[in-house]
Amino acid sequence: MNTLNNSLRAITRFPFLLSIGLLLVNDHVLKNCAPSFLTGKLSDFAGLFFFPILLTALLGLLLEPLGFSCGCISRISFGMTLVCFSLIKTIPMANYWTNQLLVALFRSPTEIMIDPTDLTALAVLWPASRLWRSTVYSLDPYTPSRKAYLSIAVATLATLATSPCRPTISRIERLAVVEDVIYARISYSDDEQMISPSKDGGKTWEWISEDIPPNVISELGQKAQLPLTRCLKADLQMCYRVAGKEEVEASIDGGKTWQVVWHIPYGRRYYIERILSQADECDKQVVEMGPFDLAILEKVDKHTVIVAMGTEGVLIRTEAGEWEQHAVLDAGPIPFYAKGLEIDIIRVETGIALLYGFLLLGGLSIWGWASIKNSPQAHPAYDRNWAVRPALRMTILVLILTVLGGLGLSKLSGIYSFIELTLFPIPMAIAILGILFSAGIYAAWMRFKSLMPHPDLAMRSWWASVLVAIASFIAVWLSFELWVIGTISVYRTALSISLAFALFFSSLGVYLVWRIGKS
């Protein structure tokens with residue numbers, strides 16, 4: 001505890017408290033009101049001044065019981081801070097995994113940028129270490145106070161503050177072809193631009209290019225006027241056109257008549273929007289597909305058409321006549337179909353399917369109890385209310401837990417988001433409550449079983465209800481999953497099929513339970 005007490009003593013000194021307050025004000029006020037080079041660097045200087053003290057307190061709890069001295073632990077903390085900060089600001093892989101770790105831990109959008117100039121902030125580690133040493137080796141006795149614990153708590157929260165998340169949007173807006181090399185102008189949301197070349201027909205693009213011909217720079221600097229038509233030099237009758245719609249047209253008669261040769265697969269635009277709605281704040285993006293421009297790369301008896309698709313990279317008609325989407329550096333296409341199971345995209349639908357399955361189980365059970373009551377096999381002592389009571393109690397308990405849990409967690413939006421997205425997403429929460437509900441239903445069936453001269457009758461009704469409920473959930477959920485992978489193109493079609501399945505299995509369950517009760 002000696003290292004922790006020394007950390008608490010140091011963190012209450014005015015320079016450390018000033019750096020904490022400066023970091024909070026800069027991250028939450030100044031960066032939003034007046035973003036600049038100064039506000040970008042200020043957080044690094046302030047954070048590096050007090051962060052080693054927090055790390056020393058944490059490592060002290062781990063290393064002090066192993067025999068490490070307070071001075072040794074502080075040197076380890078300052079050294080780790082120097083090395084880690086240097087790696088995060090200079091090495092792309094270290095920066096990427098740090099961002100991913102922070103997002104996974106706190107479910108909060110973070111964006112630590114690679115910037116070697118931020119290494120100048122490491123200079124504050126020397127005065128911070130000097131102040132730490134003067135505090136540690138002070139002969140004045142010190143007993144931690146509430147102020148000290150409050151200061152270290154605020155400092156811990158301040159280290160979680162990140163720069164405002166402003167995702168950069170890349171757009172491919174202009175294309176040019178010179179000597180079998182395709183050039184693309186990439187425009188960014190921060191008003192910066194760059195030109196990227198491709199030497200393999202638009203499949204791969206280079207970050208750093210050689211000297212770009214002046215005529216290419218001049219051509220790409222002009223805005224394309226839509227509708228834009230380009231024809232083959234070797235065959236002026238073969239033309240392609242983009243007219244501001246999310247489609248590409250072609251003509252084989254020199255532009256007299258046109259037909260659509262590429263468009264977004266029917267119904268998949270909504271799929272893209274659902275993907276975007278699931279992204280974190282730092283990953284938010286817009287889809288500006290255009291098309292904005294097109295170019296033609298001609299070869300002997302063959303040609304390749306390249307279409308500038310804005311935020312979706314480029315669309316290429318290969319020499320074989322097939323259309324393919326390709327990324328241009330960090331401007332990449334969002335796929336129109338899922339490659340596998342993507343539960344997050346249909347999280348709400350999955351939850352509704354689960355809820356329907358559990359409710360169907362309850363409804364069929366009630367129907368089964370009513371059928372058994374009118375059965376000649378019913379026991380004279382049968383009391384429907386007495387038998388239903390366990391299910392009613394469990395239902396009330398589930399409702400109470402749901403309401404109280406929702407009211408309580410909604411007050412803590414950050415914690416609620418973490419719990420909802422990480423531990424208890426919508427389908428999981430419904431599954432847990434549904435299992436409790438099903439336990440009450442099962443208890444009621446066991447009471448029915450004890451009243452029946454033929455217990456297998458009650459168990460047959462129970463298993464019929466369970467199997468129909470499971471089958472109905474799978475069928476309803478599967479309709480939406482088929483929409484995700486593209487087997488069903490339109491969302492409304494998937495919704496209609498799921499409703500048809502729900503009606504079918506509900507009717508089937510009612511019929512089966514009634515037949516069992518009458519047997």
# chains A, B, ... in the order shown; residues from 1 in each chain; ligands from 1
call {"tool": "residues_around", "arguments": {"residues": "stretch 321-323 of chain A", "least_positions_apart": "5", "cutoff": "8 Å", "atoms": "only C-alpha atoms", "output": "PyMOL selection string"}}
result
chain A and resi 262+315-316
call {"tool": "residues_around", "arguments": {"residues": "A:Leu82", "least_positions_apart": "6", "cutoff": "12 Å", "atoms": "only C-alpha atoms", "output": "short mmCIF file (atom, residue, chain, number, x, y, z; two decimals) with all heavy atoms, in the first residue's frame"}}
result
data_model
loop_
_atom_site.label_atom_id
_atom_site.label_comp_id
_atom_site.auth_asym_id
_atom_site.auth_seq_id
_atom_site.Cartn_x
_atom_site.Cartn_y
_atom_site.Cartn_z
N LEU A 48 0.02 12.94 -20.46
CA LEU A 48 1.29 12.31 -20.12
C LEU A 48 1.87 12.82 -18.81
O LEU A 48 2.73 12.16 -18.21
CB LEU A 48 2.30 12.53 -21.25
CG LEU A 48 2.06 11.73 -22.53
CD1 LEU A 48 3.07 12.11 -23.60
CD2 LEU A 48 2.16 10.24 -22.24
N PHE A 49 1.42 13.97 -18.36
CA PHE A 49 1.94 14.51 -17.10
C PHE A 49 1.46 13.70 -15.90
O PHE A 49 2.23 13.44 -14.97
CB PHE A 49 1.54 15.98 -16.96
CG PHE A 49 2.24 16.67 -15.83
CD1 PHE A 49 3.54 17.13 -15.97
CD2 PHE A 49 1.61 16.86 -14.60
CE1 PHE A 49 4.20 17.76 -14.92
CE2 PHE A 49 2.26 17.49 -13.55
CZ PHE A 49 3.56 17.95 -13.71
N PHE A 51 -0.58 10.63 -16.21
CA PHE A 51 -0.89 9.21 -16.45
C PHE A 51 0.10 8.27 -15.77
O PHE A 51 -0.31 7.23 -15.22
CB PHE A 51 -0.94 8.93 -17.95
CG PHE A 51 -1.22 7.49 -18.27
CD1 PHE A 51 -2.50 6.97 -18.17
CD2 PHE A 51 -0.19 6.63 -18.64
CE1 PHE A 51 -2.76 5.64 -18.44
CE2 PHE A 51 -0.43 5.30 -18.91
CZ PHE A 51 -1.72 4.80 -18.81
N PRO A 52 1.43 8.53 -15.78
CA PRO A 52 2.34 7.60 -15.10
C PRO A 52 2.03 7.43 -13.62
O PRO A 52 2.32 6.38 -13.04
CB PRO A 52 3.72 8.24 -15.31
CG PRO A 52 3.56 9.08 -16.54
CD PRO A 52 2.16 9.60 -16.48
N ARG A 75 9.70 3.81 -11.86
CA ARG A 75 10.52 3.80 -13.07
C ARG A 75 9.92 2.91 -14.15
O ARG A 75 9.96 3.23 -15.35
CB ARG A 75 11.94 3.34 -12.71
CG ARG A 75 12.75 4.39 -11.94
CD ARG A 75 14.21 4.00 -11.86
NE ARG A 75 14.42 2.82 -11.00
CZ ARG A 75 14.59 2.87 -9.69
NH1 ARG A 75 14.60 4.05 -9.06
NH2 ARG A 75 14.77 1.76 -8.99
N ILE A 76 9.36 1.79 -13.73
CA ILE A 76 8.68 0.91 -14.69
C ILE A 76 7.49 1.63 -15.32
O ILE A 76 7.26 1.55 -16.54
CB ILE A 76 8.21 -0.38 -13.99
CG1 ILE A 76 9.42 -1.22 -13.56
CG2 ILE A 76 7.31 -1.20 -14.91
CD1 ILE A 76 9.04 -2.44 -12.76
N ILE A 88 2.33 3.70 -30.13
CA ILE A 88 0.97 4.02 -30.58
C ILE A 88 0.97 5.17 -31.59
O ILE A 88 0.18 5.18 -32.54
CB ILE A 88 0.08 4.37 -29.37
CG1 ILE A 88 -0.13 3.13 -28.50
CG2 ILE A 88 -1.26 4.93 -29.82
CD1 ILE A 88 -0.81 3.42 -27.18
N LYS A 89 1.88 6.11 -31.42
CA LYS A 89 1.91 7.29 -32.29
C LYS A 89 2.73 7.10 -33.55
O LYS A 89 2.70 7.97 -34.44
CB LYS A 89 2.46 8.49 -31.50
CG LYS A 89 1.50 9.01 -30.44
CD LYS A 89 0.22 9.55 -31.05
CE LYS A 89 -0.73 10.11 -30.03
NZ LYS A 89 -1.97 10.66 -30.65
N ASP A 118 3.41 14.14 -32.14
CA ASP A 118 2.92 14.10 -30.77
C ASP A 118 3.98 13.62 -29.79
O ASP A 118 3.81 13.76 -28.56
CB ASP A 118 1.70 13.18 -30.67
CG ASP A 118 0.46 13.78 -31.31
OD1 ASP A 118 0.45 15.00 -31.53
OD2 ASP A 118 -0.49 13.03 -31.61
N LEU A 119 5.07 13.04 -30.31
CA LEU A 119 6.14 12.57 -29.41
C LEU A 119 6.80 13.72 -28.65
O LEU A 119 7.49 13.48 -27.65
CB LEU A 119 7.19 11.80 -30.21
CG LEU A 119 6.71 10.52 -30.92
CD1 LEU A 119 7.87 9.84 -31.63
CD2 LEU A 119 6.09 9.56 -29.92
N THR A 120 6.59 14.94 -29.11
CA THR A 120 7.14 16.09 -28.37
C THR A 120 6.55 16.18 -26.98
O THR A 120 7.18 16.72 -26.07
CB THR A 120 6.86 17.39 -29.13
OG1 THR A 120 5.44 17.51 -29.36
CG2 THR A 120 7.58 17.40 -30.48
N ALA A 121 5.33 15.61 -26.79
CA ALA A 121 4.70 15.65 -25.47
C ALA A 121 5.43 14.79 -24.45
O ALA A 121 5.23 14.95 -23.23
CB ALA A 121 3.24 15.19 -25.58
N LEU A 122 6.30 13.88 -24.91
CA LEU A 122 7.05 13.05 -23.97
C LEU A 122 7.99 13.88 -23.10
O LEU A 122 8.47 13.39 -22.07
CB LEU A 122 7.86 12.00 -24.74
CG LEU A 122 7.04 10.91 -25.47
CD1 LEU A 122 7.96 10.06 -26.33
CD2 LEU A 122 6.30 10.05 -24.45
N ALA A 123 8.24 15.12 -23.50
CA ALA A 123 9.12 15.98 -22.71
C ALA A 123 8.57 16.22 -21.31
O ALA A 123 9.35 16.47 -20.37
CB ALA A 123 9.33 17.32 -23.43
N VAL A 124 7.24 16.13 -21.11
CA VAL A 124 6.67 16.41 -19.79
C VAL A 124 6.92 15.27 -18.81
O VAL A 124 6.67 15.42 -17.61
CB VAL A 124 5.15 16.68 -19.89
CG1 VAL A 124 4.86 17.83 -20.82
CG2 VAL A 124 4.40 15.44 -20.34
N LEU A 125 7.40 14.12 -19.30
CA LEU A 125 7.68 13.02 -18.38
C LEU A 125 8.81 13.37 -17.41
O LEU A 125 8.81 12.90 -16.26
CB LEU A 125 8.04 11.76 -19.17
CG LEU A 125 6.91 11.12 -19.99
CD1 LEU A 125 7.42 9.88 -20.73
CD2 LEU A 125 5.74 10.74 -19.07
N TRP A 126 9.75 14.18 -17.86
CA TRP A 126 10.87 14.52 -16.97
C TRP A 126 10.41 15.39 -15.80
O TRP A 126 10.66 15.04 -14.64
CB TRP A 126 11.97 15.24 -17.77
CG TRP A 126 13.17 15.55 -16.91
CD1 TRP A 126 14.17 14.70 -16.55
CD2 TRP A 126 13.47 16.81 -16.32
NE1 TRP A 126 15.09 15.33 -15.74
CE2 TRP A 126 14.67 16.64 -15.59
CE3 TRP A 126 12.86 18.06 -16.31
CZ2 TRP A 126 15.28 17.68 -14.87
CZ3 TRP A 126 13.44 19.09 -15.60
CH2 TRP A 126 14.63 18.90 -14.89
N SER A 129 8.31 13.25 -13.46
CA SER A 129 9.07 12.32 -12.62
C SER A 129 9.79 13.05 -11.50
O SER A 129 9.90 12.54 -10.37
CB SER A 129 10.08 11.55 -13.47
OG SER A 129 11.04 12.44 -14.05
#
call {"tool": "closest_residue", "arguments": {"among": "A:Asn6, A:Thr257, A:Ser461, A:Ser472", "to": "A:Leu354", "atoms": "only C-alpha atoms"}}
result
A:Ser472
call {"tool": "atom_distance", "arguments": {"atom1": "atom CA of A:Ser506", "atom2": "atom CA of A:Gly357"}}
result
9.7 Å
call {"tool": "select_by_dssp", "arguments": {"residues": "stretch 280-346 of chain A", "states": "helix (DSSP H, G or I)", "output": "mmCIF file with N, CA and C atoms, in the first residue's frame"}}
result
data_model
loop_
_atom_site.group_PDB
_atom_site.id
_atom_site.type_symbol
_atom_site.label_atom_id
_atom_site.label_comp_id
_atom_site.auth_asym_id
_atom_site.auth_seq_id
_atom_site.Cartn_x
_atom_site.Cartn_y
_atom_site.Cartn_z
ATOM 1 N N GLU A 281 -19.692 5.111 -33.735
ATOM 2 C CA GLU A 281 -19.644 6.498 -34.171
ATOM 3 C C GLU A 281 -18.417 6.781 -35.028
ATOM 4 N N CYS A 282 -17.259 6.203 -34.647
ATOM 5 C CA CYS A 282 -16.044 6.456 -35.419
ATOM 6 C C CYS A 282 -16.063 5.758 -36.766
ATOM 7 N N ASP A 283 -16.904 4.744 -36.893
ATOM 8 C CA ASP A 283 -16.989 4.007 -38.151
ATOM 9 C C ASP A 283 -18.169 4.448 -39.010
ATOM 10 N N ILE A 343 -25.630 -11.749 -37.211
ATOM 11 C CA ILE A 343 -26.777 -11.595 -36.316
ATOM 12 C C ILE A 343 -27.037 -10.129 -35.992
ATOM 13 N N ASP A 344 -25.960 -9.312 -35.902
ATOM 14 C CA ASP A 344 -26.139 -7.916 -35.503
ATOM 15 C C ASP A 344 -27.061 -7.164 -36.451
ATOM 16 N N ILE A 345 -27.015 -7.497 -37.744
ATOM 17 C CA ILE A 345 -27.826 -6.774 -38.717
ATOM 18 C C ILE A 345 -29.311 -7.016 -38.483
ATOM 19 N N ILE A 346 -29.666 -8.206 -38.020
ATOM 20 C CA ILE A 346 -31.078 -8.526 -37.761
ATOM 21 C C ILE A 346 -31.275 -8.820 -36.276
#
call {"tool": "residues_around", "arguments": {"residues": "A:Ala224", "least_positions_apart": "4", "cutoff": "9 Å", "atoms": "only C-alpha atoms", "output": "list in words"}}
result
Glu173, Arg174, Leu220, Leu228, Phe292 and Asp293 of chain A
call {"tool": "residues_around", "arguments": {"residues": "A:Gln193", "least_positions_apart": "2", "cutoff": "12 Å", "atoms": "only C-alpha atoms", "output": "ChimeraX atom specification"}}
result
/A:168-174,184-191,195-196,217,220-221
call {"tool": "closest_residue", "arguments": {"among": "A:Gly310, A:Pro335, A:Pro227, A:Gly509", "to": "A:Leu360", "atoms": "only C-alpha atoms"}}
result
A:Gly509
call {"tool": "closest_residue", "arguments": {"among": "A:Val348, A:Ile430, A:Leu232, A:Ala338", "to": "A:Asp301", "atoms": "only C-alpha atoms"}}
result
A:Leu232
call {"tool": "select_by_dssp", "arguments": {"residues": "stretch 208-331 of chain A", "states": "strand (DSSP E or B)", "output": "number ranges by chain"}}
result
A: 228-231, 239-242, 247-251, 259-263, 293-299, 302-308, 310, 314-317, 323-326, 328, 331
call {"tool": "write_last_selection", "arguments": {"atoms": "N, CA and C atoms", "output": "compact mmCIF listing (two decimals), in the first residue's frame"}}
result
# COMPACT_ATOMS: atom_id res chain seq x y z
N LEU A 228 -22.66 11.77 -68.42
CA LEU A 228 -21.36 11.66 -69.06
C LEU A 228 -21.34 10.41 -69.94
N THR A 229 -20.96 10.60 -71.20
CA THR A 229 -20.92 9.49 -72.16
C THR A 229 -19.51 9.34 -72.69
N ARG A 230 -19.03 8.09 -72.72
CA ARG A 230 -17.72 7.81 -73.32
C ARG A 230 -17.88 6.61 -74.25
N CYS A 231 -17.29 6.72 -75.43
CA CYS A 231 -17.38 5.67 -76.45
C CYS A 231 -15.98 5.12 -76.73
N CYS A 239 -20.85 2.56 -76.60
CA CYS A 239 -20.73 3.68 -75.66
C CYS A 239 -21.26 3.27 -74.28
N TYR A 240 -20.78 3.99 -73.27
CA TYR A 240 -21.25 3.81 -71.89
C TYR A 240 -21.62 5.18 -71.32
N ARG A 241 -22.58 5.18 -70.40
CA ARG A 241 -23.07 6.45 -69.87
C ARG A 241 -23.41 6.32 -68.39
N VAL A 242 -23.10 7.38 -67.61
CA VAL A 242 -23.57 7.52 -66.23
C VAL A 242 -24.32 8.84 -66.18
N GLU A 247 -26.67 3.50 -61.45
CA GLU A 247 -26.69 2.52 -62.52
C GLU A 247 -25.74 2.96 -63.63
N VAL A 248 -25.39 2.01 -64.50
CA VAL A 248 -24.55 2.28 -65.66
C VAL A 248 -25.30 1.81 -66.89
N GLU A 249 -25.28 2.64 -67.92
CA GLU A 249 -25.99 2.32 -69.16
C GLU A 249 -25.00 2.08 -70.28
N ALA A 250 -25.44 1.32 -71.28
CA ALA A 250 -24.60 1.04 -72.45
C ALA A 250 -25.44 1.18 -73.71
N SER A 251 -24.75 1.49 -74.81
CA SER A 251 -25.41 1.63 -76.10
C SER A 251 -24.54 0.98 -77.17
N GLN A 259 -29.51 0.95 -72.63
CA GLN A 259 -30.05 -0.06 -71.74
C GLN A 259 -29.16 -0.14 -70.50
N VAL A 260 -29.77 -0.45 -69.36
CA VAL A 260 -29.03 -0.54 -68.10
C VAL A 260 -28.25 -1.85 -68.08
N VAL A 261 -26.93 -1.74 -67.89
CA VAL A 261 -26.08 -2.94 -67.85
C VAL A 261 -25.59 -3.23 -66.44
N TRP A 262 -25.75 -2.28 -65.50
CA TRP A 262 -25.42 -2.53 -64.09
C TRP A 262 -26.29 -1.64 -63.23
N HIS A 263 -26.78 -2.20 -62.13
CA HIS A 263 -27.49 -1.42 -61.12
C HIS A 263 -27.39 -2.17 -59.80
N ASP A 293 -18.13 9.39 -62.47
CA ASP A 293 -17.29 9.50 -63.66
C ASP A 293 -17.07 8.08 -64.19
N LEU A 294 -16.61 7.99 -65.44
CA LEU A 294 -16.22 6.69 -65.98
C LEU A 294 -15.09 6.88 -66.97
N ALA A 295 -14.29 5.82 -67.12
CA ALA A 295 -13.18 5.83 -68.06
C ALA A 295 -13.12 4.47 -68.73
N ILE A 296 -12.50 4.42 -69.89
CA ILE A 296 -12.40 3.18 -70.65
C ILE A 296 -10.94 2.91 -70.96
N LEU A 297 -10.49 1.71 -70.60
CA LEU A 297 -9.14 1.26 -70.91
C LEU A 297 -9.24 0.27 -72.07
N GLU A 298 -8.76 0.67 -73.22
CA GLU A 298 -8.92 -0.13 -74.44
C GLU A 298 -7.66 -0.94 -74.75
N LYS A 299 -7.90 -2.19 -75.18
CA LYS A 299 -6.85 -3.05 -75.68
C LYS A 299 -7.33 -3.65 -77.00
N LYS A 302 -10.53 -5.87 -76.95
CA LYS A 302 -11.09 -5.94 -75.61
C LYS A 302 -11.03 -4.57 -74.97
N HIS A 303 -11.88 -4.37 -73.97
CA HIS A 303 -11.85 -3.10 -73.24
C HIS A 303 -12.33 -3.31 -71.81
N THR A 304 -11.89 -2.42 -70.95
CA THR A 304 -12.27 -2.44 -69.55
C THR A 304 -12.91 -1.10 -69.20
N VAL A 305 -14.08 -1.13 -68.57
CA VAL A 305 -14.78 0.09 -68.16
C VAL A 305 -14.59 0.26 -66.66
N ILE A 306 -14.16 1.44 -66.26
CA ILE A 306 -13.97 1.75 -64.84
C ILE A 306 -14.89 2.90 -64.49
N VAL A 307 -15.70 2.71 -63.45
CA VAL A 307 -16.69 3.71 -63.04
C VAL A 307 -16.34 4.20 -61.64
N ALA A 308 -16.29 5.52 -61.48
CA ALA A 308 -16.03 6.12 -60.17
C ALA A 308 -17.31 6.07 -59.33
N GLY A 310 -17.78 6.90 -56.03
CA GLY A 310 -17.81 7.70 -54.81
C GLY A 310 -17.20 6.97 -53.63
N VAL A 314 -14.46 1.77 -56.95
CA VAL A 314 -14.70 1.77 -58.39
C VAL A 314 -15.46 0.50 -58.77
N LEU A 315 -16.21 0.61 -59.86
CA LEU A 315 -16.91 -0.51 -60.45
C LEU A 315 -16.23 -0.81 -61.78
N ILE A 316 -15.86 -2.07 -61.99
CA ILE A 316 -15.07 -2.43 -63.18
C ILE A 316 -15.82 -3.46 -64.01
N ARG A 317 -15.94 -3.16 -65.29
CA ARG A 317 -16.41 -4.16 -66.24
C ARG A 317 -15.17 -4.79 -66.84
N TRP A 323 -19.10 -7.48 -64.13
CA TRP A 323 -18.95 -6.27 -63.31
C TRP A 323 -18.45 -6.66 -61.92
N GLU A 324 -17.41 -5.94 -61.45
CA GLU A 324 -16.81 -6.22 -60.15
C GLU A 324 -16.60 -4.91 -59.40
N GLN A 325 -16.74 -4.97 -58.07
CA GLN A 325 -16.47 -3.82 -57.22
C GLN A 325 -15.08 -3.97 -56.62
N HIS A 326 -14.33 -2.85 -56.59
CA HIS A 326 -12.98 -2.86 -56.03
C HIS A 326 -12.77 -1.61 -55.20
N VAL A 328 -10.56 1.47 -53.64
CA VAL A 328 -9.48 2.37 -54.02
C VAL A 328 -8.89 2.91 -52.71
N ALA A 331 -11.22 3.78 -49.71
CA ALA A 331 -12.61 3.91 -50.19
C ALA A 331 -13.04 2.56 -50.74
call {"tool": "residues_around", "arguments": {"residues": "stretch 17-25 of chain A", "least_positions_apart": "5", "cutoff": "7 Å", "atoms": "only C-alpha atoms", "output": "list of chain:residue names"}}
result
A:Ile11, A:Thr12, A:Leu30, A:Ser43, A:Ala46, A:Gly47, A:Phe49, A:Phe50, A:Ala155, A:Ala158
call {"tool": "closest_residue", "arguments": {"among": "A:Val177, A:Ile435, A:Ala353, A:Ala243", "to": "A:Phe480", "atoms": "only C-alpha atoms"}}
result
A:Ala353
call {"tool": "atom_distance", "arguments": {"atom1": "atom CA of A:Arg9", "atom2": "atom CA of A:Ala57"}}
result
10.8 Å
call {"tool": "atom_distance", "arguments": {"atom1": "atom CA of A:Val466", "atom2": "atom CA of A:Phe501"}}
result
16.2 Å
call {"tool": "closest_residue", "arguments": {"among": "A:Ile252, A:Met194, A:Met289, A:Leu276", "to": "A:Leu329", "atoms": "only C-alpha atoms"}}
result
A:Met194
call {"tool": "residues_around", "arguments": {"residues": "A:Tyr183", "least_positions_apart": "4", "cutoff": "6 Å", "atoms": "only C-alpha atoms", "output": "PyMOL selection string"}}
result
chain A and resi 175-176+196-197
call {"tool": "residues_around", "arguments": {"residues": "A:Ser365", "least_positions_apart": "2", "cutoff": "8 Å", "atoms": "only C-alpha atoms", "output": "count of residues only"}}
result
10
